[in-house]
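Participant: Just query.cif, nothing more (mmCIF, N, CA, C and O atoms):
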```cif
data_upload
loop_
_atom_site.label_atom_id
_atom_site.label_comp_id
_atom_site.auth_asym_id
_atom_site.auth_seq_id
_atom_site.Cartn_x
_atom_site.Cartn_y
_atom_site.Cartn_z
N GLY T 1 260.75 188.39 100.83
CA GLY T 1 260.33 189.01 99.57
C GLY T 1 258.85 188.85 99.34
O GLY T 1 258.15 188.23 100.12
N ASP T 2 258.39 189.42 98.26
CA ASP T 2 256.96 189.43 97.97
C ASP T 2 256.70 188.77 96.62
O ASP T 2 255.81 189.15 95.88
N ALA T 3 257.52 187.78 96.27
CA ALA T 3 257.39 187.13 94.96
C ALA T 3 256.22 186.16 94.97
O ALA T 3 256.19 185.21 95.74
N HIS T 4 255.25 186.39 94.13
CA HIS T 4 254.11 185.50 94.03
C HIS T 4 254.46 184.33 93.12
O HIS T 4 255.00 184.52 92.03
N GLY T 5 254.16 183.12 93.54
CA GLY T 5 254.37 181.95 92.70
C GLY T 5 255.83 181.65 92.47
O GLY T 5 256.21 181.24 91.38
N GLY T 6 256.69 181.89 93.46
CA GLY T 6 258.08 181.48 93.34
C GLY T 6 258.85 182.27 92.30
O GLY T 6 259.02 183.47 92.43
N ALA T 7 259.29 181.59 91.24
CA ALA T 7 260.19 182.20 90.26
C ALA T 7 259.43 183.06 89.25
O ALA T 7 259.52 182.86 88.05
N GLY T 8 258.63 183.97 89.76
CA GLY T 8 257.88 184.85 88.87
C GLY T 8 258.77 185.94 88.31
O GLY T 8 259.81 186.24 88.86
N VAL T 9 258.34 186.50 87.21
CA VAL T 9 259.07 187.63 86.63
C VAL T 9 258.68 188.89 87.39
O VAL T 9 257.50 189.10 87.66
N ALA T 10 259.65 189.70 87.75
CA ALA T 10 259.35 190.95 88.45
C ALA T 10 258.50 191.84 87.55
O ALA T 10 258.72 191.88 86.34
N PRO T 11 257.52 192.56 88.14
CA PRO T 11 256.66 193.43 87.33
C PRO T 11 257.47 194.40 86.46
O PRO T 11 257.11 194.66 85.32
N MET T 12 258.57 194.88 87.01
CA MET T 12 259.40 195.82 86.25
C MET T 12 259.96 195.16 84.99
O MET T 12 259.98 195.76 83.92
N ASP T 13 260.42 193.92 85.14
CA ASP T 13 260.96 193.20 83.98
C ASP T 13 259.86 192.91 82.98
O ASP T 13 260.06 192.96 81.77
N LYS T 14 258.70 192.58 83.52
CA LYS T 14 257.54 192.29 82.66
C LYS T 14 257.17 193.54 81.87
O LYS T 14 256.89 193.47 80.68
N MET T 15 257.16 194.67 82.57
CA MET T 15 256.82 195.93 81.91
C MET T 15 257.79 196.21 80.79
O MET T 15 257.39 196.50 79.67
N LYS T 16 259.09 196.07 81.07
CA LYS T 16 260.09 196.36 80.04
C LYS T 16 259.95 195.43 78.84
O LYS T 16 260.11 195.85 77.70
N ALA T 17 259.62 194.16 79.10
CA ALA T 17 259.44 193.20 78.01
C ALA T 17 258.26 193.59 77.12
O ALA T 17 258.34 193.52 75.89
N GLU T 18 257.16 194.01 77.75
CA GLU T 18 255.99 194.41 76.97
C GLU T 18 256.23 195.73 76.24
O GLU T 18 255.82 195.89 75.09
N LEU T 19 256.91 196.66 76.90
CA LEU T 19 257.17 197.95 76.27
C LEU T 19 258.11 197.79 75.08
O LEU T 19 258.08 198.60 74.15
N ALA T 20 258.93 196.74 75.11
CA ALA T 20 259.85 196.50 74.00
C ALA T 20 259.11 196.21 72.70
O ALA T 20 259.66 196.33 71.61
N LYS T 21 257.83 195.84 72.81
CA LYS T 21 257.02 195.56 71.62
C LYS T 21 256.51 196.85 70.96
O LYS T 21 256.05 196.82 69.83
N LEU T 22 256.59 197.94 71.71
CA LEU T 22 256.11 199.22 71.19
C LEU T 22 257.24 199.93 70.46
O LEU T 22 258.39 199.52 70.54
N SER T 23 256.90 201.02 69.80
CA SER T 23 257.96 201.83 69.19
C SER T 23 258.76 202.46 70.32
O SER T 23 258.24 202.63 71.43
N PRO T 24 260.03 202.82 70.08
CA PRO T 24 260.85 203.43 71.15
C PRO T 24 260.17 204.64 71.77
O PRO T 24 260.22 204.84 72.99
N GLU T 25 259.53 205.44 70.94
CA GLU T 25 258.86 206.65 71.42
C GLU T 25 257.69 206.30 72.35
O GLU T 25 257.53 206.87 73.42
N ASP T 26 256.88 205.32 71.91
CA ASP T 26 255.75 204.90 72.73
C ASP T 26 256.23 204.23 74.02
O ASP T 26 255.66 204.44 75.08
N ALA T 27 257.28 203.44 73.91
CA ALA T 27 257.81 202.75 75.08
C ALA T 27 258.27 203.77 76.12
O ALA T 27 258.00 203.62 77.32
N ALA T 28 258.95 204.81 75.67
CA ALA T 28 259.44 205.85 76.58
C ALA T 28 258.27 206.57 77.23
O ALA T 28 258.29 206.86 78.44
N SER T 29 257.24 206.82 76.45
CA SER T 29 256.05 207.51 76.95
C SER T 29 255.34 206.66 77.99
O SER T 29 254.95 207.14 79.06
N ALA T 30 255.16 205.39 77.70
CA ALA T 30 254.48 204.49 78.63
C ALA T 30 255.30 204.30 79.90
O ALA T 30 254.76 204.27 81.00
N GLU T 31 256.61 204.19 79.74
CA GLU T 31 257.46 203.99 80.91
C GLU T 31 257.42 205.20 81.83
O GLU T 31 257.44 205.09 83.04
N LYS T 32 257.35 206.38 81.20
CA LYS T 32 257.27 207.61 81.98
C LYS T 32 255.97 207.67 82.79
O LYS T 32 255.95 208.04 83.95
N GLN T 33 254.87 207.23 82.16
CA GLN T 33 253.58 207.24 82.87
C GLN T 33 253.57 206.14 83.94
O GLN T 33 253.02 206.32 85.02
N HIS T 34 254.12 205.01 83.61
CA HIS T 34 254.40 203.92 84.55
C HIS T 34 253.21 203.07 85.00
O HIS T 34 253.32 201.87 85.13
N PHE T 35 252.08 203.71 85.27
CA PHE T 35 250.95 202.92 85.74
C PHE T 35 249.66 203.31 85.03
O PHE T 35 249.55 204.39 84.47
N CYS T 36 248.70 202.42 85.09
CA CYS T 36 247.39 202.68 84.50
C CYS T 36 246.58 203.51 85.48
O CYS T 36 246.41 203.10 86.64
N PRO T 37 246.07 204.67 85.07
CA PRO T 37 245.34 205.52 86.00
C PRO T 37 244.01 204.90 86.44
O PRO T 37 243.48 205.26 87.48
N VAL T 38 243.48 203.98 85.64
CA VAL T 38 242.19 203.39 85.97
C VAL T 38 242.34 202.26 86.99
O VAL T 38 241.70 202.26 88.03
N SER T 39 243.23 201.32 86.71
CA SER T 39 243.39 200.15 87.59
C SER T 39 244.45 200.37 88.66
O SER T 39 244.46 199.70 89.68
N GLY T 40 245.38 201.28 88.38
CA GLY T 40 246.50 201.46 89.30
C GLY T 40 247.59 200.42 89.10
O GLY T 40 248.59 200.43 89.81
N GLU T 41 247.40 199.52 88.12
CA GLU T 41 248.40 198.50 87.85
C GLU T 41 249.57 199.08 87.07
O GLU T 41 249.40 200.02 86.30
N MET T 42 250.75 198.48 87.24
CA MET T 42 251.89 198.90 86.44
C MET T 42 251.63 198.52 84.98
O MET T 42 251.14 197.43 84.69
N LEU T 43 251.92 199.44 84.09
CA LEU T 43 251.71 199.17 82.67
C LEU T 43 252.58 197.99 82.24
O LEU T 43 253.71 197.86 82.65
N GLY T 44 252.02 197.13 81.37
CA GLY T 44 252.79 196.00 80.87
C GLY T 44 252.58 194.72 81.66
O GLY T 44 252.95 193.65 81.20
N THR T 45 251.97 194.84 82.85
CA THR T 45 251.78 193.62 83.64
C THR T 45 250.60 192.79 83.12
O THR T 45 250.44 191.64 83.49
N MET T 46 249.80 193.39 82.24
CA MET T 46 248.66 192.67 81.69
C MET T 46 248.78 192.61 80.16
O MET T 46 247.80 192.71 79.44
N GLY T 47 250.00 192.51 79.69
CA GLY T 47 250.23 192.55 78.24
C GLY T 47 250.64 193.94 77.82
O GLY T 47 250.79 194.83 78.65
N ALA T 48 250.85 194.13 76.53
CA ALA T 48 251.29 195.43 76.05
C ALA T 48 250.25 196.48 76.40
O ALA T 48 249.05 196.25 76.20
N PRO T 49 250.68 197.63 76.94
CA PRO T 49 249.72 198.68 77.29
C PRO T 49 249.08 199.28 76.04
O PRO T 49 249.60 199.15 74.94
N ILE T 50 247.95 199.91 76.24
CA ILE T 50 247.17 200.47 75.13
C ILE T 50 247.16 201.99 75.26
O ILE T 50 246.93 202.53 76.34
N LYS T 51 247.41 202.63 74.14
CA LYS T 51 247.44 204.10 74.13
C LYS T 51 246.06 204.62 73.74
O LYS T 51 245.49 204.19 72.73
N VAL T 52 245.53 205.52 74.54
CA VAL T 52 244.22 206.10 74.27
C VAL T 52 244.38 207.61 74.17
O VAL T 52 245.07 208.22 74.99
N ASP T 53 243.75 208.19 73.17
CA ASP T 53 243.79 209.64 73.03
C ASP T 53 242.62 210.24 73.80
O ASP T 53 241.47 209.97 73.50
N VAL T 54 242.93 211.05 74.81
CA VAL T 54 241.89 211.69 75.61
C VAL T 54 242.03 213.20 75.45
O VAL T 54 242.96 213.79 75.99
N ASP T 55 241.13 213.79 74.70
CA ASP T 55 241.19 215.23 74.44
C ASP T 55 242.58 215.67 74.00
O ASP T 55 243.11 216.67 74.50
N GLY T 56 243.18 214.91 73.11
CA GLY T 56 244.48 215.30 72.58
C GLY T 56 245.66 214.89 73.43
O GLY T 56 246.81 215.08 73.05
N GLN T 57 245.40 214.31 74.59
CA GLN T 57 246.49 213.86 75.46
C GLN T 57 246.57 212.34 75.37
O GLN T 57 245.55 211.66 75.41
N GLN T 58 247.77 211.82 75.20
CA GLN T 58 247.85 210.37 75.15
C GLN T 58 247.99 209.78 76.53
O GLN T 58 248.78 210.23 77.36
N VAL T 59 247.14 208.80 76.78
CA VAL T 59 247.10 208.15 78.09
C VAL T 59 247.26 206.66 77.86
O VAL T 59 246.67 206.09 76.95
N TRP T 60 248.09 206.04 78.67
CA TRP T 60 248.31 204.59 78.58
C TRP T 60 247.45 203.88 79.61
O TRP T 60 247.37 204.30 80.76
N ILE T 61 246.81 202.80 79.17
CA ILE T 61 246.04 201.96 80.08
C ILE T 61 246.56 200.53 79.99
O ILE T 61 247.20 200.15 79.00
N CYS T 62 246.30 199.74 81.05
CA CYS T 62 246.90 198.41 81.11
C CYS T 62 246.18 197.41 80.22
O CYS T 62 246.78 196.44 79.76
N CYS T 63 244.89 197.63 79.97
CA CYS T 63 244.15 196.67 79.16
C CYS T 63 242.90 197.33 78.58
O CYS T 63 242.48 198.39 79.03
N GLU T 64 242.32 196.67 77.61
CA GLU T 64 241.14 197.18 76.91
C GLU T 64 239.99 197.45 77.89
O GLU T 64 239.19 198.37 77.69
N GLY T 65 239.93 196.68 78.97
CA GLY T 65 238.84 196.83 79.94
C GLY T 65 238.81 198.19 80.63
O GLY T 65 237.77 198.58 81.15
N CYS T 66 239.94 198.87 80.62
CA CYS T 66 239.99 200.18 81.30
C CYS T 66 239.56 201.33 80.39
O CYS T 66 239.36 202.44 80.86
N ARG T 67 239.44 201.05 79.09
CA ARG T 67 239.16 202.13 78.14
C ARG T 67 237.85 202.85 78.44
O ARG T 67 237.79 204.08 78.47
N ASP T 68 236.77 202.07 78.64
CA ASP T 68 235.45 202.69 78.85
C ASP T 68 235.44 203.60 80.07
O ASP T 68 234.89 204.70 80.03
N GLN T 69 236.05 203.12 81.16
CA GLN T 69 236.08 203.93 82.38
C GLN T 69 236.86 205.22 82.16
O GLN T 69 236.46 206.29 82.61
N LEU T 70 237.98 205.09 81.46
CA LEU T 70 238.82 206.26 81.19
C LEU T 70 238.04 207.30 80.39
O LEU T 70 238.04 208.49 80.70
N LEU T 71 237.34 206.84 79.36
CA LEU T 71 236.62 207.77 78.49
C LEU T 71 235.34 208.29 79.13
O LEU T 71 234.84 209.34 78.76
N GLU T 72 234.82 207.54 80.11
CA GLU T 72 233.63 207.99 80.82
C GLU T 72 233.94 209.12 81.78
O GLU T 72 233.17 210.06 81.92
N GLU T 73 235.07 209.02 82.47
CA GLU T 73 235.45 210.04 83.46
C GLU T 73 236.90 210.47 83.24
O GLU T 73 237.74 210.30 84.12
N PRO T 74 237.18 211.03 82.06
CA PRO T 74 238.57 211.35 81.73
C PRO T 74 239.24 212.27 82.74
O PRO T 74 240.39 212.06 83.11
N ASN T 75 238.51 213.28 83.22
CA ASN T 75 239.14 214.25 84.12
C ASN T 75 239.59 213.61 85.42
O ASN T 75 240.64 213.94 85.96
N LYS T 76 238.80 212.68 85.91
CA LYS T 76 239.12 211.98 87.15
C LYS T 76 240.46 211.25 87.00
O LYS T 76 241.31 211.30 87.88
N TYR T 77 240.64 210.57 85.85
CA TYR T 77 241.85 209.78 85.67
C TYR T 77 243.04 210.61 85.22
O TYR T 77 244.17 210.35 85.63
N LEU T 78 242.79 211.65 84.43
CA LEU T 78 243.88 212.53 84.02
C LEU T 78 244.47 213.23 85.23
O LEU T 78 245.67 213.47 85.30
N ALA T 79 243.62 213.54 86.21
CA ALA T 79 244.10 214.20 87.43
C ALA T 79 245.10 213.32 88.16
O ALA T 79 246.05 213.81 88.76
N LYS T 80 244.90 212.01 88.10
CA LYS T 80 245.83 211.09 88.78
C LYS T 80 247.21 211.12 88.14
O LYS T 80 248.21 210.83 88.78
N LEU T 81 247.24 211.42 86.83
CA LEU T 81 248.51 211.39 86.11
C LEU T 81 249.29 212.68 86.26
O LEU T 81 250.49 212.71 86.06
N SER T 82 248.59 213.77 86.60
CA SER T 82 249.27 215.07 86.58
C SER T 82 249.97 215.40 87.88
O SER T 82 250.69 216.37 87.95
N ASN T 83 249.74 214.59 88.94
CA ASN T 83 250.37 214.97 90.19
C ASN T 83 251.72 214.27 90.39
O ASN T 83 252.07 213.37 89.69
#
```
Now that the file is in, can you turn its structure into structure tokens?
Facilitator:
Amino acid sequence: GDAHGGAGVAPMDKMKAELAKLSPEDAASAEKQHFCPVSGEMLGTMGAPIKVDVDGQQVWICCEGCRDQLLEEPNKYLAKLSN
């Protein structure tokens, strides 16, 4: 297996736990997107994901640190989500 640090929580379980803190609608939206387009990390692995409005489209990022990059080059990151 690929478990880091022995009895670690699986990223999927971690994601579901963090998404449970969001509204059901937001949780479903974040789960559908699944990963942060900026870092490539699974949403929820760095705490509750953050919703950013990019030209009217809601985009989930894994942490506050990804916000600037997303807003600097929105088209680059939105393209990653549309395929």
Participant: So that I can check the surroundings of region 16-30 of chain T, please list as a list in words every protein, DNA and RNA residue that reaches within 7 Å of it, counting only N, CA, C and O atoms and ignoring chain neighbours fewer than 2 positions away.
Facilitator: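 Returned residues: Ala10, Pro11, Met12, Asp13, Lys14, Lys32, Gln33, His34, Phe35, Leu43, Gly44, Gly47, Ala48, Pro49 and Trp60 of chain T.
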Participant: Rounded to one decimal, what separation in Å do you get between CA of Cys36 (chain T) and atom O of Ile61 (chain T)?
Facilitator: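 Interatomic distance, CA of Cys36 (chain T) to atom O of Ile61 (chain T): 6.1 Å.
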Participant: Would you return as number ranges by chain the members of chain T that DSSP assigns to strand (DSSP E) on this structure's backbone?
Facilitator: T: 50-54, 57-61
Participant: Please compute the atom O of Met15 (chain T)-atom C of Glu72 (chain T) distance, one decimal, in Å.
Facilitator: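 Between atom O of Met15 (chain T) and atom C of Glu72 (chain T) the gap is 26.7 Å.
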Participant: Rounded to one decimal place, report the CA of Gly8 (chain T)-atom O of Met42 (chain T) distance in Å.
Facilitator: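 Between CA of Gly8 (chain T) and atom O of Met42 (chain T) the gap is 14.9 Å.
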Participant: Nearest to Leu81 (chain T) among T:Val52, T:Cys63, T:Met46, T:Pro37, with distances taken over all atoms listed in the file: which residue is it?
Facilitator: T:Pro37
Participant: Got a minute to add all heavy atoms to region 53-64 of chain T and dump it as a compact mmCIF listing (two decimals), in the frame of the given file?
Facilitator:
```txt
# COMPACT_ATOMS: atom_id res chain seq x y z
N ASP T 53 243.75 208.19 73.17
CA ASP T 53 243.79 209.64 73.03
C ASP T 53 242.62 210.24 73.80
O ASP T 53 241.47 209.97 73.50
CB ASP T 53 243.71 210.01 71.55
CG ASP T 53 243.95 211.49 71.32
OD1 ASP T 53 243.07 212.29 71.71
OD2 ASP T 53 244.99 211.86 70.77
N VAL T 54 242.93 211.05 74.81
CA VAL T 54 241.89 211.69 75.61
C VAL T 54 242.03 213.20 75.45
O VAL T 54 242.96 213.79 75.99
CB VAL T 54 242.03 211.31 77.10
CG1 VAL T 54 240.89 211.94 77.90
CG2 VAL T 54 242.03 209.80 77.28
N ASP T 55 241.13 213.79 74.70
CA ASP T 55 241.19 215.23 74.44
C ASP T 55 242.58 215.67 74.00
O ASP T 55 243.11 216.67 74.50
CB ASP T 55 240.78 216.02 75.70
CG ASP T 55 239.36 215.65 76.14
OD1 ASP T 55 238.53 215.37 75.26
OD2 ASP T 55 239.10 215.64 77.35
N GLY T 56 243.18 214.91 73.11
CA GLY T 56 244.48 215.30 72.58
C GLY T 56 245.66 214.89 73.43
O GLY T 56 246.81 215.08 73.05
N GLN T 57 245.40 214.31 74.59
CA GLN T 57 246.49 213.86 75.46
C GLN T 57 246.57 212.34 75.37
O GLN T 57 245.55 211.66 75.41
CB GLN T 57 246.20 214.27 76.90
CG GLN T 57 247.31 213.87 77.86
CD GLN T 57 247.04 214.35 79.29
OE1 GLN T 57 246.24 215.25 79.51
NE2 GLN T 57 247.70 213.75 80.25
N GLN T 58 247.77 211.82 75.20
CA GLN T 58 247.85 210.37 75.15
C GLN T 58 247.99 209.78 76.53
O GLN T 58 248.78 210.23 77.36
CB GLN T 58 248.95 209.89 74.20
CG GLN T 58 250.37 210.11 74.66
CD GLN T 58 251.35 209.55 73.64
OE1 GLN T 58 251.06 209.47 72.46
NE2 GLN T 58 252.52 209.17 74.10
N VAL T 59 247.14 208.80 76.78
CA VAL T 59 247.10 208.15 78.09
C VAL T 59 247.26 206.66 77.86
O VAL T 59 246.67 206.09 76.95
CB VAL T 59 245.75 208.42 78.78
CG1 VAL T 59 245.66 207.70 80.12
CG2 VAL T 59 245.53 209.92 78.97
N TRP T 60 248.09 206.04 78.67
CA TRP T 60 248.31 204.59 78.58
C TRP T 60 247.45 203.88 79.61
O TRP T 60 247.37 204.30 80.76
CB TRP T 60 249.78 204.27 78.83
CG TRP T 60 250.65 204.78 77.72
CD1 TRP T 60 251.28 205.99 77.67
CD2 TRP T 60 250.95 204.12 76.50
NE1 TRP T 60 251.96 206.10 76.48
CE2 TRP T 60 251.78 204.97 75.75
CE3 TRP T 60 250.60 202.86 75.97
CZ2 TRP T 60 252.26 204.62 74.49
CZ3 TRP T 60 251.09 202.52 74.71
CH2 TRP T 60 251.90 203.40 73.99
N ILE T 61 246.81 202.80 79.17
CA ILE T 61 246.04 201.96 80.08
C ILE T 61 246.56 200.53 79.99
O ILE T 61 247.20 200.15 79.00
CB ILE T 61 244.52 202.00 79.76
CG1 ILE T 61 244.26 201.71 78.28
CG2 ILE T 61 243.95 203.36 80.15
CD1 ILE T 61 242.79 201.59 77.91
N CYS T 62 246.30 199.74 81.05
CA CYS T 62 246.90 198.41 81.11
C CYS T 62 246.18 197.41 80.22
O CYS T 62 246.78 196.44 79.76
CB CYS T 62 246.93 197.91 82.56
SG CYS T 62 245.29 197.68 83.28
N CYS T 63 244.89 197.63 79.97
CA CYS T 63 244.15 196.67 79.16
C CYS T 63 242.90 197.33 78.58
O CYS T 63 242.48 198.39 79.03
CB CYS T 63 243.75 195.46 80.00
SG CYS T 63 242.55 195.86 81.29
N GLU T 64 242.32 196.67 77.61
CA GLU T 64 241.14 197.18 76.91
C GLU T 64 239.99 197.45 77.89
O GLU T 64 239.19 198.37 77.69
CB GLU T 64 240.71 196.13 75.87
CG GLU T 64 239.87 196.65 74.75
CD GLU T 64 240.48 197.81 73.97
OE1 GLU T 64 241.50 197.63 73.29
OE2 GLU T 64 239.91 198.92 74.04
```
